[in-house]
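Contents: one structure, followed by commentary.
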Amino acid sequence: MDLMQVNSVIMDNLQYILLAMTLLILLALVVFISINIKLSKMNKRYRKMMQGMDGQNIESLLMMHIDDVQRAMKKVDALGLEYQRLSGIADNCVQNVGIVRFNAFEDTGSDLSFAIALLDANNNGVIISSIFGRSESRTYAKPITDGKSPYFLSEEENQALSKAREKCSSK
């Protein structure tokens, strides 16, 4: 087929070719309008979504939330350090107490004598004993290190120490 034959086929069918081209252009125009309408709706939804509370856009809201989260993280870090500091202090405070009341002498009534053990979290502290008699009373203090005293402990002092250590081990 040579160029003359192609030219004659086109010229004989020119009205059909133009009609087909017009229909394709109209179809393309319909698709273009449809896409434009969808794009316009999507644009409206996007703008509406980007508007936050009180007219702020979502970007500024996100930035504010990021700043809030960063401030909260700094506070959490500061609270963690404060917790560690207070925990160290609390370990050295009296946390466990054991007390035993007893009658030291037969000639006195009631259990007016006592032994009290005051221990920290590491089982360090003191035992204070008070022995009450009719004519006098005496008070003693004995240091406790790691749950033991370098001094002799009476039966009541040992009971008070055991009560305080039980409280320490139950935590």
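Here's how to read the names in the structure tokens: chain A, B, ... by the order shown, residue numbers from 1 in each chain, ligand numbers from 1 in the order shown.
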Next item on the list: Once DSSP has gone over the backbone, tell me which residues of chain A are in helix (DSSP H, G or I), as JSON, numbers by chain.
Entry: {"A": [3, 4, 5, 6, 7, 8, 9, 10, 11, 12, 14, 15, 16, 17, 18, 19, 20, 21, 22, 23, 24, 25, 26, 27, 28, 29, 30, 31, 32, 33, 34, 35, 36, 37, 38, 39, 40, 41, 42, 43, 44, 45, 46, 47, 48, 49, 50, 53, 54, 55, 58, 59, 60, 61, 62, 63, 64, 65, 66, 67, 68, 69, 70, 71, 72, 73, 74, 75, 76, 77, 78, 79, 80, 81, 82, 83, 84, 85, 86, 87, 88, 89, 90, 91, 155, 156, 157, 158, 159, 160, 161, 162, 163, 164, 165, 166, 167, 168, 169]}
Next item on the list: Using DSSP on the backbone coordinates, identify all residues within range 63-149 of chain A classified as strand (DSSP E); present the result as number ranges by chain.
Entry: A: 96-102, 113-119, 125-132, 137-144
Could you write out the selected residues, including N, CA and C atoms, as a JSON list (two decimals), in the first residue's frame?
[["chain", "number", "residue", "atom", "x", "y", "z"],
["A", 96, "ASN", "N", 10.89, 0.59, 110.04],
["A", 96, "ASN", "CA", 10.39, -0.61, 110.72],
["A", 96, "ASN", "C", 10.54, -0.45, 112.22],
["A", 97, "VAL", "N", 9.44, -0.70, 112.92],
["A", 97, "VAL", "CA", 9.43, -0.52, 114.36],
["A", 97, "VAL", "C", 8.90, -1.81, 114.99],
["A", 98, "GLY", "N", 9.60, -2.25, 116.01],
["A", 98, "GLY", "CA", 9.13, -3.39, 116.80],
["A", 98, "GLY", "C", 9.17, -2.99, 118.26],
["A", 99, "ILE", "N", 8.08, -3.23, 118.96],
["A", 99, "ILE", "CA", 8.02, -2.84, 120.37],
["A", 99, "ILE", "C", 7.53, -4.01, 121.21],
["A", 100, "VAL", "N", 8.14, -4.15, 122.39],
["A", 100, "VAL", "CA", 7.74, -5.18, 123.34],
["A", 100, "VAL", "C", 7.63, -4.51, 124.71],
["A", 101, "ARG", "N", 6.45, -4.65, 125.31],
["A", 101, "ARG", "CA", 6.25, -4.13, 126.67],
["A", 101, "ARG", "C", 6.37, -5.33, 127.63],
["A", 102, "PHE", "N", 6.97, -5.05, 128.77],
["A", 102, "PHE", "CA", 7.14, -6.14, 129.73],
["A", 102, "PHE", "C", 7.21, -5.59, 131.14],
["A", 113, "SER", "N", 7.75, -1.32, 131.55],
["A", 113, "SER", "CA", 9.05, -1.35, 130.88],
["A", 113, "SER", "C", 8.83, -1.70, 129.41],
["A", 114, "PHE", "N", 9.76, -1.28, 128.57],
["A", 114, "PHE", "CA", 9.60, -1.58, 127.14],
["A", 114, "PHE", "C", 10.96, -1.63, 126.46],
["A", 115, "ALA", "N", 10.95, -2.28, 125.29],
["A", 115, "ALA", "CA", 12.10, -2.28, 124.37],
["A", 115, "ALA", "C", 11.52, -1.97, 123.00],
["A", 116, "ILE", "N", 12.12, -0.99, 122.34],
["A", 116, "ILE", "CA", 11.63, -0.59, 121.01],
["A", 116, "ILE", "C", 12.81, -0.61, 120.04],
["A", 117, "ALA", "N", 12.62, -1.26, 118.93],
["A", 117, "ALA", "CA", 13.64, -1.32, 117.87],
["A", 117, "ALA", "C", 13.19, -0.41, 116.73],
["A", 118, "LEU", "N", 14.07, 0.50, 116.32],
["A", 118, "LEU", "CA", 13.80, 1.43, 115.22],
["A", 118, "LEU", "C", 14.83, 1.17, 114.13],
["A", 119, "LEU", "N", 14.38, 0.62, 112.97],
["A", 119, "LEU", "CA", 15.29, 0.22, 111.91],
["A", 119, "LEU", "C", 14.96, 0.93, 110.61],
["A", 125, "GLY", "N", 19.91, 0.85, 112.81],
["A", 125, "GLY", "CA", 19.11, 1.72, 113.67],
["A", 125, "GLY", "C", 19.53, 1.62, 115.11],
["A", 126, "VAL", "N", 18.53, 1.55, 115.98],
["A", 126, "VAL", "CA", 18.80, 1.58, 117.41],
["A", 126, "VAL", "C", 17.70, 0.80, 118.15],
["A", 127, "ILE", "N", 18.09, 0.25, 119.29],
["A", 127, "ILE", "CA", 17.11, -0.32, 120.23],
["A", 127, "ILE", "C", 17.16, 0.53, 121.48],
["A", 128, "ILE", "N", 16.00, 1.01, 121.88],
["A", 128, "ILE", "CA", 15.89, 1.80, 123.10],
["A", 128, "ILE", "C", 15.11, 0.96, 124.10],
["A", 129, "SER", "N", 15.69, 0.80, 125.27],
["A", 129, "SER", "CA", 15.04, 0.02, 126.33],
["A", 129, "SER", "C", 14.85, 0.92, 127.54],
["A", 130, "SER", "N", 13.69, 0.80, 128.14],
["A", 130, "SER", "CA", 13.42, 1.54, 129.37],
["A", 130, "SER", "C", 12.95, 0.53, 130.41],
["A", 131, "ILE", "N", 13.63, 0.53, 131.51],
["A", 131, "ILE", "CA", 13.28, -0.40, 132.60],
["A", 131, "ILE", "C", 12.72, 0.45, 133.74],
["A", 132, "PHE", "N", 11.46, 0.19, 134.05],
["A", 132, "PHE", "CA", 10.75, 0.99, 135.03],
["A", 132, "PHE", "C", 10.64, 0.20, 136.33],
["A", 137, "SER", "N", 13.91, 4.53, 137.24],
["A", 137, "SER", "CA", 13.80, 3.92, 135.91],
["A", 137, "SER", "C", 15.07, 4.25, 135.15],
["A", 138, "ARG", "N", 15.43, 3.35, 134.23],
["A", 138, "ARG", "CA", 16.66, 3.54, 133.44],
["A", 138, "ARG", "C", 16.32, 3.34, 131.96],
["A", 139, "THR", "N", 17.05, 4.09, 131.12],
["A", 139, "THR", "CA", 16.86, 3.99, 129.68],
["A", 139, "THR", "C", 18.20, 3.68, 129.04],
["A", 140, "TYR", "N", 18.18, 2.74, 128.08],
["A", 140, "TYR", "CA", 19.40, 2.33, 127.39],
["A", 140, "TYR", "C", 19.17, 2.42, 125.87],
["A", 141, "ALA", "N", 20.23, 2.74, 125.17],
["A", 141, "ALA", "CA", 20.18, 2.75, 123.71],
["A", 141, "ALA", "C", 21.34, 1.90, 123.20],
["A", 142, "LYS", "N", 21.03, 1.01, 122.25],
["A", 142, "LYS", "CA", 22.06, 0.13, 121.68],
["A", 142, "LYS", "C", 21.98, 0.22, 120.16],
["A", 143, "PRO", "N", 23.10, 0.46, 119.50],
["A", 143, "PRO", "CA", 23.09, 0.57, 118.04],
["A", 143, "PRO", "C", 22.85, -0.78, 117.37],
["A", 144, "ILE", "N", 22.23, -0.72, 116.19],
["A", 144, "ILE", "CA", 21.99, -1.92, 115.39],
["A", 144, "ILE", "C", 22.58, -1.68, 114.01]]
Item checked: Point-to-point distance from CA of Ala72 in chain A to CA of Ile58 in chain A, Å rounded to tenths -> 20.7 Å
With a cut-off of 10 Å, could you pull out the residues of range 32-79 of chain A touching range 11-28 of chain A and give me the nearest pair of atoms for each, distance in Å to one decimal, using only C-alpha atoms, ordered by chain and ascending number, as CSV?
residue,atom,partner,partner_atom,distance
A:Phe32,CA,A:Ala28,CA,6.0
A:Ile33,CA,A:Ala28,CA,8.6
A:Ser34,CA,A:Ala28,CA,9.8
Hey, can you spit out that residue selection with all heavy atoms as a PDB file, in the first residue's frame?
ATOM      1  N   PHE A  32     -12.189  14.417  32.146  1.00  0.00           N
ATOM      2  CA  PHE A  32     -11.500  15.559  32.739  1.00  0.00           C
ATOM      3  C   PHE A  32     -12.405  16.283  33.733  1.00  0.00           C
ATOM      4  O   PHE A  32     -11.991  16.613  34.849  1.00  0.00           O
ATOM      5  CB  PHE A  32     -11.031  16.519  31.627  1.00  0.00           C
ATOM      6  CG  PHE A  32     -10.401  17.770  32.137  1.00  0.00           C
ATOM      7  CD1 PHE A  32      -9.130  17.755  32.666  1.00  0.00           C
ATOM      8  CD2 PHE A  32     -11.097  18.982  32.098  1.00  0.00           C
ATOM      9  CE1 PHE A  32      -8.542  18.910  33.140  1.00  0.00           C
ATOM     10  CE2 PHE A  32     -10.522  20.135  32.578  1.00  0.00           C
ATOM     11  CZ  PHE A  32      -9.238  20.107  33.091  1.00  0.00           C
ATOM     12  N   ILE A  33     -13.665  16.515  33.348  1.00  0.00           N
ATOM     13  CA  ILE A  33     -14.617  17.191  34.249  1.00  0.00           C
ATOM     14  C   ILE A  33     -14.870  16.334  35.484  1.00  0.00           C
ATOM     15  O   ILE A  33     -14.907  16.836  36.612  1.00  0.00           O
ATOM     16  CB  ILE A  33     -15.930  17.523  33.493  1.00  0.00           C
ATOM     17  CG1 ILE A  33     -15.663  18.624  32.459  1.00  0.00           C
ATOM     18  CG2 ILE A  33     -17.025  17.941  34.464  1.00  0.00           C
ATOM     19  CD1 ILE A  33     -16.840  18.887  31.520  1.00  0.00           C
ATOM     20  N   SER A  34     -15.030  15.044  35.306  1.00  0.00           N
ATOM     21  CA  SER A  34     -15.264  14.133  36.433  1.00  0.00           C
ATOM     22  C   SER A  34     -14.078  14.171  37.405  1.00  0.00           C
ATOM     23  O   SER A  34     -14.263  14.246  38.620  1.00  0.00           O
ATOM     24  CB  SER A  34     -15.489  12.720  35.912  1.00  0.00           C
ATOM     25  OG  SER A  34     -15.502  11.792  36.960  1.00  0.00           O
TER      26      SER A  34
END
Next item on the list: Would you please work out which residue, of A:Val69, A:Val30, A:Ala121, A:Leu153, is nearest to Lys167 in chain A when using only C-alpha atoms?
Entry: A:Ala121
Check: Interatomic distance between CA of Asp111 in chain A and CA of Tyr151 in chain A?
Finding: 24.0 Å
